[in-house]
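Here's the structure, in structure tokens; my notes come after.
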Amino acid sequence: MSVEEPAARGELLVHLSYEATRTLGGMGVVLEHLLAAPEYRAAFPRTLLVSPTVRPCGLGSYAPEESLAHDLEAHGEVLYSGLRRRNPEAWARVFQPVEARHDVSFIYGRRDAPGGPVEVLLVDLTDVLRGYRVRLGTLPLFLQRLHTLLGVDLPFDCRGGRPAPWRALSRVWRGLYGTRLGAAPWLNRLFRRAVHHGLLDAPPLDHDAMLAITLAEPVFDAVARLRSQDGAGAVVLAQEHLSLPLAYKALLDGHDWCHTVYYAGEVRTPRVLVEYGEAGQGASDARFYNVQRLGLEQGRTLDQVYPVGTWPNFQILRNGHLCERVGAVSASVADELRFLDPRYSLQPVTVVPHGHRLIETEGDAKEAASVRVLRHARKQWGQDFRLLLTHISRDEVCKGLWRDVDVCEHLAELLPPERRPALLVMVTEWNEADPSDNLRHVKARVEAFNARGTGVHIALVNQPTWPAGLDFTRDDLHRATDVSLGQSLYESHGLAQLEALGCGAICVIAGASGARRTLREQCEALGLSESAHPNLVVSDPVTDAREAGLARTVEGWKALPATVLREQESRTARRVAEEVVRRLPRDAHEGRLLLETGRALAERMRWEPLIREQLIPLIRFPAREAAAGSDWSA
């Protein structure tokens with residue numbers, strides 16, 4: 001494929017996320033595996049990955065040094081940039097009319113990906129969106145059409161476009177510094193100081209939702225001009241509320257050439273309620289999922305139970321059923337959609353689970369990896385450890401990192417002497433200068449636990465600061481793992497904690513994990529129940545709280561004090577620790593059996609058949625008559 005001139009041919013798949021230049025999370029992993037599939041490349045000769053150049057941070061200002069434009073320049077090829085003075089004339093004709101209409105800048109190019117290059121479109125919105133105000137002249141009409149035609153009600157503060165002096169100064173600024181004026185560091189400092197001193201209002205907002213709505217029109221117009229001149233259309237693949245407004249714009253104005261698929265990777269509104277609760281209740285999966293279960297049984301919806309009707313992400317997500325096809329990454333996400341809005345129950349929601357990355361591991365490779373990892377552990381933390389536990393995770397409340405400490409507190413009592421000292425390596429990533437509240441809380445728990453000297457040590461590792469020159473890889477860490485922990489409160493699918501499964505590890509998964517039902521089905525296909533599989537332990541505070549009779553009504557669950565739920569979490573942690581100790585192999589023979597049973601289960605969840613038999617049929621549409629081609633000269 002060549003995209004050096006605006007003449008590329010074939011169907012175009014469009015995906016809007018924060019991962020256009022590199023893979024960061026679950027959605028990027030899905031795309032990586034999809035792009036590597038020959039069947040996908042045959043169906044979609046072109047893939048366009050779209051992202052905003054920067055995200056608002058803090059009080060709605062920007063950190064331009066984190067711009068994805070720098071990432072594309074370093075790891076790809078820039079074919080056009082509205083932030084530089086000179087561009088090829090052909091590409092300028094494509095992008096400059098759209099830039100002028102919406103007062104944005106595009107950076108367009110390509111980067112390598114599995115299966116071949118992909119196209120990348122970055123959108124600089126820094127002159128358009130700041131704080132809670134949007135200065136996009138076309139947005140009021142778009143919001144009105146969303147409300148009138150699609151029922152999406154988003155009362156954003158929309159102002160007229162920037163005045164002429166601002167636009168002129170921004171052009172000069174771009175010529176001198178290669179950024180729009182709205183991204184200038186001095187301007188961001190002024191903005192933050194003005195907010196701090198009460199001169200400007202910047203209330204806490206869902207900036208993802210604001211970005212989603214603001215991106216929809218310029219991205220759609222750019223896609224309309226990038227699509228093939230042979231009349232081939234496009235498919236918008238939306239996976240969450242950042243990308244759904246682009247699908248809504250396609251439904252309104254691109255129905256003759258653009259298809260829409262909502263493949264829900266997570267549902268943000270339930271996730272926020274799980275992570276933070278209502279009115280400062282704090283994080284709890286037990287509260288929310290027992291409320292959801294009762295709500296679905298009683299025919300009640302999310303906004304009838306929780307005051308979310310004015311939340312922008314709720315308004316965006318509740319209308320995803322309007323897309324031509326709707327899929328979900330797990331049955332639990334499908335349940336969340338049906339609780340979000342009953343109209344999701346009126347059409348099929350196709351469950352297409354994520355696949356599993358099988359790490360090739362023979363007995364000798366596992367032993368060699370264990371030697372390397374434990375040698376590093378002895379050097380780094382000063383002990384000859386006999387048991388290795390791991391958890392690799394993002395620093396987010398929903399990942400429930402404190403639950404790992406809960407389990408270790410009980411393991412310190414239950415582990416037999418031959419398994420001590422034990423090490424839990426928790427790998428995450430944080431800003432050393434300004435760690436999150438969640439990270440500070442977990443770090444305090446870890447330090448207090450380690451100070452007790454129980455024979456179990458927890459190493460909280462900031463991944464970017466790990467020493468250079470490690471003689472083992474991430475896969476080696478999985479191969480060396482005896483126990484993999486993953487007790488998330490919200491996990492739309494959650495296979496990260498199962499990466500060590502094929503390496504013979506005991507894997508602790510969350511009861512709320514979307515992968516659980518898939519695992520249960522595969523266990524049954526192997527002739528085992530979930531509880532009997534030697535490699536699996538389920539940490540399920542949701543069911544444990546229900547069986548303990550903590551509450552019986554929606555109102556009762558909502559009113560439960562956080563202290564009561566935490567006490568139940570501790571009881572669940574005790575049961576998890578007991579199950580882990582019961583499953584630990586007592587000799588080399590039992591270790592080999594764990595490797596065999598883990599590999600057999602992991603083999604049944606590989607990516608390739610899922611992509612070929614389920615994901616590609618979800619996103620591929622039958623060919624239709626070619627619509628009129630793009631007008632490059634407009």
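We label chains A, B, ... in the order they appear in the structure tokens, count residues from 1 in each chain, and number ligands from 1 in the order shown.
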Please list as a short mmCIF file (atom, residue, chain, number, x, y, z; two decimals) with all heavy atoms, in the first residue's frame every residue within 10 Å of A:Asn319, counting only C-alpha atoms and excluding residues in the same chain fewer than 4 positions away.
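The result, written out as out28.cif:
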data_model
loop_
_atom_site.label_atom_id
_atom_site.label_comp_id
_atom_site.auth_asym_id
_atom_site.auth_seq_id
_atom_site.Cartn_x
_atom_site.Cartn_y
_atom_site.Cartn_z
N LEU A 150 -31.02 11.93 16.73
CA LEU A 150 -30.50 10.71 17.35
C LEU A 150 -30.81 10.61 18.84
O LEU A 150 -30.55 9.57 19.44
CB LEU A 150 -28.99 10.60 17.13
CG LEU A 150 -28.49 10.59 15.68
CD1 LEU A 150 -26.98 10.41 15.65
CD2 LEU A 150 -29.17 9.49 14.88
N GLY A 151 -31.28 11.68 19.45
CA GLY A 151 -31.61 11.63 20.87
C GLY A 151 -30.43 11.74 21.79
O GLY A 151 -30.51 11.38 22.97
N VAL A 152 -29.29 12.26 21.30
CA VAL A 152 -28.10 12.46 22.13
C VAL A 152 -28.15 13.88 22.68
O VAL A 152 -28.06 14.85 21.93
CB VAL A 152 -26.81 12.25 21.30
CG1 VAL A 152 -25.58 12.39 22.19
CG2 VAL A 152 -26.83 10.88 20.63
N LEU A 244 -17.58 7.00 19.57
CA LEU A 244 -18.98 6.90 19.16
C LEU A 244 -19.51 8.16 18.47
O LEU A 244 -20.27 8.05 17.50
CB LEU A 244 -19.86 6.55 20.36
CG LEU A 244 -20.12 5.05 20.58
CD1 LEU A 244 -20.85 4.82 21.89
CD2 LEU A 244 -20.90 4.44 19.42
N PRO A 245 -19.18 9.38 18.92
CA PRO A 245 -19.69 10.56 18.20
C PRO A 245 -19.29 10.60 16.73
O PRO A 245 -20.04 11.10 15.89
CB PRO A 245 -19.10 11.74 18.99
CG PRO A 245 -18.98 11.21 20.38
CD PRO A 245 -18.54 9.78 20.20
N TYR A 248 -21.78 8.56 15.08
CA TYR A 248 -23.05 9.30 14.97
C TYR A 248 -22.99 10.29 13.81
O TYR A 248 -23.98 10.44 13.07
CB TYR A 248 -23.36 10.04 16.26
CG TYR A 248 -23.55 9.14 17.46
CD1 TYR A 248 -23.34 9.62 18.75
CD2 TYR A 248 -23.95 7.82 17.32
CE1 TYR A 248 -23.51 8.81 19.86
CE2 TYR A 248 -24.12 7.00 18.42
CZ TYR A 248 -23.90 7.50 19.69
OH TYR A 248 -24.07 6.70 20.78
N PHE A 314 -22.57 9.14 29.56
CA PHE A 314 -23.82 8.37 29.55
C PHE A 314 -24.66 8.70 28.33
O PHE A 314 -25.17 7.81 27.65
CB PHE A 314 -24.61 8.64 30.83
CG PHE A 314 -26.00 8.08 30.83
CD1 PHE A 314 -26.21 6.72 30.97
CD2 PHE A 314 -27.11 8.90 30.65
CE1 PHE A 314 -27.49 6.18 30.96
CE2 PHE A 314 -28.39 8.38 30.63
CZ PHE A 314 -28.58 7.02 30.78
N GLN A 315 -24.79 9.98 28.02
CA GLN A 315 -25.57 10.40 26.86
C GLN A 315 -24.99 9.86 25.56
O GLN A 315 -25.71 9.48 24.64
CB GLN A 315 -25.67 11.92 26.81
CG GLN A 315 -26.59 12.52 27.84
CD GLN A 315 -28.05 12.14 27.60
OE1 GLN A 315 -28.46 11.90 26.48
NE2 GLN A 315 -28.82 12.08 28.67
N CYS A 323 -25.91 2.29 15.94
CA CYS A 323 -24.96 1.82 14.92
C CYS A 323 -25.54 0.60 14.21
O CYS A 323 -26.38 -0.13 14.74
CB CYS A 323 -23.62 1.48 15.56
SG CYS A 323 -22.73 2.92 16.20
N LEU A 337 -24.41 -2.74 28.87
CA LEU A 337 -25.11 -1.98 27.84
C LEU A 337 -26.62 -2.08 28.03
O LEU A 337 -27.35 -1.08 27.90
CB LEU A 337 -24.72 -2.49 26.45
CG LEU A 337 -23.28 -2.21 26.00
CD1 LEU A 337 -23.01 -2.88 24.65
CD2 LEU A 337 -23.01 -0.72 25.90
N LEU A 340 -27.58 0.03 30.81
CA LEU A 340 -27.43 1.43 30.42
C LEU A 340 -28.67 1.94 29.71
O LEU A 340 -29.14 3.05 29.98
CB LEU A 340 -26.20 1.57 29.51
CG LEU A 340 -25.67 2.96 29.24
CD1 LEU A 340 -24.81 3.43 30.40
CD2 LEU A 340 -24.84 2.96 27.95
N ASP A 341 -29.19 1.13 28.78
CA ASP A 341 -30.37 1.55 28.02
C ASP A 341 -31.09 0.29 27.53
O ASP A 341 -30.46 -0.58 26.90
CB ASP A 341 -29.97 2.42 26.82
CG ASP A 341 -31.16 3.15 26.23
OD1 ASP A 341 -32.00 2.48 25.59
OD2 ASP A 341 -31.25 4.37 26.40
N ARG A 343 -32.88 -0.26 25.09
CA ARG A 343 -32.92 -0.46 23.64
C ARG A 343 -31.81 -1.37 23.15
O ARG A 343 -31.90 -1.92 22.05
CB ARG A 343 -32.86 0.91 22.93
CG ARG A 343 -34.14 1.74 23.12
CD ARG A 343 -33.99 3.14 22.59
NE ARG A 343 -33.03 3.91 23.38
CZ ARG A 343 -32.73 5.18 23.15
NH1 ARG A 343 -33.29 5.82 22.15
NH2 ARG A 343 -31.86 5.81 23.92
N TYR A 344 -30.77 -1.57 23.96
CA TYR A 344 -29.74 -2.55 23.60
C TYR A 344 -30.30 -3.98 23.64
O TYR A 344 -29.69 -4.89 23.08
CB TYR A 344 -28.54 -2.45 24.53
CG TYR A 344 -27.59 -1.32 24.19
CD1 TYR A 344 -27.56 -0.17 24.97
CD2 TYR A 344 -26.74 -1.41 23.11
CE1 TYR A 344 -26.69 0.87 24.67
CE2 TYR A 344 -25.87 -0.38 22.80
CZ TYR A 344 -25.84 0.77 23.58
OH TYR A 344 -24.98 1.79 23.28
#
#### Entry: DSSP-assigned alpha helix (DSSP H) members of stretch 456-594 of chain A, reported as a ChimeraX atom specification
/A:474-480,515-525,541-547,554-559,562-583,588-594
Listing only residues of stretch 186-226 of chain A within 9 Å of stretch 110-126 of chain A, what is the closest atom pair and its distance in Å (to one decimal) for each, using only C-alpha atoms, sorted by chain and residue number ascending, as a Markdown table?
| residue | atom | partner | partner_atom | distance |
| --- | --- | --- | --- | --- |
| A:Leu211 | CA | A:Leu125 | CA | 8.5 |
| A:Thr214 | CA | A:Leu125 | CA | 8.1 |
| A:Leu215 | CA | A:Val123 | CA | 7.6 |
| A:Pro218 | CA | A:Val123 | CA | 8.3 |
| A:Val219 | CA | A:Val123 | CA | 7.7 |
| A:Ala222 | CA | A:Leu121 | CA | 8.9 |
Store the residues of this selection in a file with C-alpha atoms, as a compact mmCIF listing (two decimals), in the first residue's frame.
# COMPACT_ATOMS: atom_id res chain seq x y z
CA LEU A 211 -12.87 15.64 22.96
CA THR A 214 -15.24 18.10 19.19
CA LEU A 215 -13.30 15.58 17.10
CA PRO A 218 -13.32 17.50 11.54
CA VAL A 219 -12.39 13.81 11.52
CA ALA A 222 -11.15 14.51 6.65
So which bits of stretch 92-195 of chain A end up strand (DSSP E) when you DSSP the backbone, as an mmCIF file with N, CA, C and O atoms, in the first residue's frame?
data_model
loop_
_atom_site.group_PDB
_atom_site.id
_atom_site.type_symbol
_atom_site.label_atom_id
_atom_site.label_comp_id
_atom_site.auth_asym_id
_atom_site.auth_seq_id
_atom_site.Cartn_x
_atom_site.Cartn_y
_atom_site.Cartn_z
ATOM 1 N N SER A 105 -5.759 21.652 13.137
ATOM 2 C CA SER A 105 -4.634 21.258 12.286
ATOM 3 C C SER A 105 -4.557 19.741 12.248
ATOM 4 O O SER A 105 -4.758 19.069 13.268
ATOM 5 N N PHE A 106 -4.265 19.205 11.064
ATOM 6 C CA PHE A 106 -4.087 17.765 10.893
ATOM 7 C C PHE A 106 -2.612 17.438 10.721
ATOM 8 O O PHE A 106 -1.858 18.210 10.112
ATOM 9 N N ILE A 107 -2.212 16.308 11.258
ATOM 10 C CA ILE A 107 -0.915 15.703 10.951
ATOM 11 C C ILE A 107 -1.236 14.319 10.400
ATOM 12 O O ILE A 107 -1.892 13.509 11.079
ATOM 13 N N TYR A 108 -0.806 14.072 9.186
ATOM 14 C CA TYR A 108 -1.183 12.833 8.497
ATOM 15 C C TYR A 108 0.079 12.132 8.024
ATOM 16 O O TYR A 108 1.038 12.762 7.547
ATOM 17 N N GLY A 109 0.102 10.822 8.187
ATOM 18 C CA GLY A 109 1.257 10.049 7.735
ATOM 19 C C GLY A 109 0.974 8.568 7.833
ATOM 20 O O GLY A 109 -0.170 8.122 7.719
ATOM 21 N N ARG A 110 2.003 7.817 8.077
ATOM 22 C CA ARG A 110 1.852 6.374 8.200
ATOM 23 C C ARG A 110 2.905 5.846 9.151
ATOM 24 O O ARG A 110 3.928 6.497 9.417
ATOM 25 N N ARG A 111 2.627 4.685 9.678
ATOM 26 C CA ARG A 111 3.603 3.997 10.530
ATOM 27 C C ARG A 111 3.501 2.509 10.278
ATOM 28 O O ARG A 111 2.506 2.008 9.746
ATOM 29 N N VAL A 118 0.101 1.359 8.194
ATOM 30 C CA VAL A 118 -1.246 1.902 8.375
ATOM 31 C C VAL A 118 -1.162 3.422 8.312
ATOM 32 O O VAL A 118 -0.116 4.014 8.560
ATOM 33 N N GLU A 119 -2.275 4.033 7.954
ATOM 34 C CA GLU A 119 -2.349 5.488 7.890
ATOM 35 C C GLU A 119 -2.691 6.047 9.272
ATOM 36 O O GLU A 119 -3.434 5.424 10.035
ATOM 37 N N VAL A 120 -2.147 7.214 9.557
ATOM 38 C CA VAL A 120 -2.349 7.858 10.857
ATOM 39 C C VAL A 120 -2.824 9.283 10.620
ATOM 40 O O VAL A 120 -2.239 10.015 9.811
ATOM 41 N N LEU A 121 -3.881 9.678 11.321
ATOM 42 C CA LEU A 121 -4.381 11.050 11.262
ATOM 43 C C LEU A 121 -4.464 11.582 12.690
ATOM 44 O O LEU A 121 -5.206 11.055 13.516
ATOM 45 N N LEU A 122 -3.697 12.634 12.966
ATOM 46 C CA LEU A 122 -3.717 13.290 14.270
ATOM 47 C C LEU A 122 -4.404 14.641 14.122
ATOM 48 O O LEU A 122 -4.225 15.329 13.120
ATOM 49 N N VAL A 123 -5.180 15.025 15.133
ATOM 50 C CA VAL A 123 -5.969 16.250 15.065
ATOM 51 C C VAL A 123 -5.583 17.151 16.228
ATOM 52 O O VAL A 123 -5.710 16.758 17.397
ATOM 53 N N ASP A 124 -5.106 18.355 15.898
ATOM 54 C CA ASP A 124 -4.737 19.339 16.918
ATOM 55 C C ASP A 124 -5.933 20.250 17.172
ATOM 56 O O ASP A 124 -6.325 21.051 16.321
ATOM 57 N N LEU A 129 -10.613 23.792 21.960
ATOM 58 C CA LEU A 129 -11.139 23.231 23.205
ATOM 59 C C LEU A 129 -10.218 23.591 24.363
ATOM 60 O O LEU A 129 -9.023 23.318 24.339
ATOM 61 N N ARG A 130 -10.791 24.234 25.386
ATOM 62 C CA ARG A 130 -10.044 24.529 26.608
ATOM 63 C C ARG A 130 -11.028 24.604 27.768
ATOM 64 O O ARG A 130 -12.114 25.169 27.645
ATOM 65 N N ARG A 133 -15.078 24.967 27.639
ATOM 66 C CA ARG A 133 -15.600 25.723 26.510
ATOM 67 C C ARG A 133 -15.061 25.158 25.196
ATOM 68 O O ARG A 133 -13.892 24.817 25.100
ATOM 69 N N VAL A 134 -15.950 25.106 24.211
ATOM 70 C CA VAL A 134 -15.568 24.670 22.874
ATOM 71 C C VAL A 134 -15.803 25.840 21.923
ATOM 72 O O VAL A 134 -16.886 26.418 21.894
ATOM 73 N N ASP A 157 -20.893 23.959 26.569
ATOM 74 C CA ASP A 157 -20.737 25.405 26.435
ATOM 75 C C ASP A 157 -20.021 25.679 25.116
ATOM 76 O O ASP A 157 -18.799 25.568 25.018
ATOM 77 N N CYS A 158 -20.768 26.004 24.077
ATOM 78 C CA CYS A 158 -20.211 26.240 22.753
ATOM 79 C C CYS A 158 -20.137 27.742 22.497
ATOM 80 O O CYS A 158 -21.150 28.446 22.623
#
With only C-alpha atoms counted and 9 Å as the cut-off, give the residues of stretch 484-528 of chain A in contact with stretch 596-607 of chain A, each with its shortest interatomic distance in Å and the pair that gives it, as CSV.
residue,atom,partner,partner_atom,distance
A:Leu498,CA,A:Ala602,CA,8.3
A:Glu499,CA,A:Ala602,CA,8.5
A:Ala500,CA,A:Gly598,CA,8.6
A:Leu501,CA,A:Gly598,CA,5.1
A:Gly502,CA,A:Arg599,CA,4.0
A:Cys503,CA,A:Arg599,CA,6.8
A:Gly504,CA,A:Gly598,CA,5.2
A:Ala505,CA,A:Gly598,CA,7.2
A:Ile506,CA,A:Gly598,CA,8.2
A:Thr518,CA,A:Met605,CA,8.5
A:Leu519,CA,A:Leu601,CA,8.1
A:Gln522,CA,A:Leu601,CA,6.9
A:Cys523,CA,A:Leu601,CA,7.2
A:Leu526,CA,A:Leu601,CA,8.0
Write out as a PDB file with N, CA, C and O atoms, in the first residue's frame which residues come within 9 Å of A:Ala545 when counting only C-alpha atoms, dropping same-chain ones fewer than 4 positions away.
ATOM      1  N   ALA A 286     -18.762  -4.921  44.356  1.00  0.00           N
ATOM      2  CA  ALA A 286     -19.857  -5.645  44.992  1.00  0.00           C
ATOM      3  C   ALA A 286     -21.123  -4.802  45.007  1.00  0.00           C
ATOM      4  O   ALA A 286     -22.224  -5.308  44.744  1.00  0.00           O
ATOM      5  N   ARG A 287     -20.984  -3.525  45.325  1.00  0.00           N
ATOM      6  CA  ARG A 287     -22.167  -2.666  45.361  1.00  0.00           C
ATOM      7  C   ARG A 287     -22.773  -2.522  43.968  1.00  0.00           C
ATOM      8  O   ARG A 287     -23.964  -2.793  43.766  1.00  0.00           O
ATOM      9  N   ASN A 290     -24.154  -5.893  42.118  1.00  0.00           N
ATOM     10  CA  ASN A 290     -25.373  -6.423  42.719  1.00  0.00           C
ATOM     11  C   ASN A 290     -26.556  -5.502  42.466  1.00  0.00           C
ATOM     12  O   ASN A 290     -27.687  -5.975  42.283  1.00  0.00           O
ATOM     13  N   ASP A 540     -13.943 -13.198  43.932  1.00  0.00           N
ATOM     14  CA  ASP A 540     -15.286 -12.747  43.575  1.00  0.00           C
ATOM     15  C   ASP A 540     -15.992 -12.067  44.751  1.00  0.00           C
ATOM     16  O   ASP A 540     -16.918 -12.633  45.350  1.00  0.00           O
ATOM     17  N   PRO A 541     -15.598 -10.829  45.084  1.00  0.00           N
ATOM     18  CA  PRO A 541     -16.281 -10.115  46.168  1.00  0.00           C
ATOM     19  C   PRO A 541     -17.759  -9.864  45.879  1.00  0.00           C
ATOM     20  O   PRO A 541     -18.551  -9.722  46.815  1.00  0.00           O
ATOM     21  N   GLY A 549     -25.324 -12.069  52.373  1.00  0.00           N
ATOM     22  CA  GLY A 549     -26.567 -11.395  52.720  1.00  0.00           C
ATOM     23  C   GLY A 549     -26.390  -9.965  53.182  1.00  0.00           C
ATOM     24  O   GLY A 549     -27.164  -9.474  54.016  1.00  0.00           O
ATOM     25  N   LEU A 550     -25.382  -9.274  52.643  1.00  0.00           N
ATOM     26  CA  LEU A 550     -25.134  -7.902  53.083  1.00  0.00           C
ATOM     27  C   LEU A 550     -26.298  -6.973  52.747  1.00  0.00           C
ATOM     28  O   LEU A 550     -26.531  -5.980  53.436  1.00  0.00           O
ATOM     29  N   ALA A 551     -27.010  -7.245  51.654  1.00  0.00           N
ATOM     30  CA  ALA A 551     -28.188  -6.454  51.280  1.00  0.00           C
ATOM     31  C   ALA A 551     -29.043  -7.289  50.332  1.00  0.00           C
ATOM     32  O   ALA A 551     -28.558  -8.259  49.735  1.00  0.00           O
ATOM     33  N   LEU A 565     -18.269  -3.207  53.198  1.00  0.00           N
ATOM     34  CA  LEU A 565     -17.787  -3.815  51.963  1.00  0.00           C
ATOM     35  C   LEU A 565     -16.303  -4.140  52.051  1.00  0.00           C
ATOM     36  O   LEU A 565     -15.846  -5.162  51.518  1.00  0.00           O
ATOM     37  N   GLN A 568     -15.828  -7.346  53.900  1.00  0.00           N
ATOM     38  CA  GLN A 568     -16.125  -8.482  53.031  1.00  0.00           C
ATOM     39  C   GLN A 568     -14.980  -8.736  52.058  1.00  0.00           C
ATOM     40  O   GLN A 568     -14.641  -9.885  51.763  1.00  0.00           O
ATOM     41  N   GLU A 569     -14.367  -7.663  51.538  1.00  0.00           N
ATOM     42  CA  GLU A 569     -13.198  -7.816  50.659  1.00  0.00           C
ATOM     43  C   GLU A 569     -12.095  -8.590  51.355  1.00  0.00           C
ATOM     44  O   GLU A 569     -11.424  -9.436  50.736  1.00  0.00           O
ATOM     45  N   THR A 572     -12.880 -12.204  51.356  1.00  0.00           N
ATOM     46  CA  THR A 572     -12.626 -12.764  50.018  1.00  0.00           C
ATOM     47  C   THR A 572     -11.138 -12.984  49.812  1.00  0.00           C
ATOM     48  O   THR A 572     -10.711 -14.016  49.269  1.00  0.00           O
TER      49      THR A 572
END
### Message
For a quick check of understanding, using only C-alpha atoms, which of A:Asp230, A:Glu266, A:Glu530, A:Asp153 has the smallest distance to A:Leu242?
### Response
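Checking each of A:Asp230, A:Glu266, A:Glu530, A:Asp153 against A:Leu242, counting only C-alpha atoms, the winner is A:Glu266.
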## Note on the structure
Here atom CA of A:Ala412 and atom CA of A:Val508 stand apart by 17.1 Å
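Around A:Glu65, within 10 Å and counting only C-alpha atoms, the residues found are Val54, Tyr62, Ala63, Ser67, Leu68, Ala69, His70, Ala183 and Pro185 of chain A, once anything fewer than 2 positions away on its own chain is removed.
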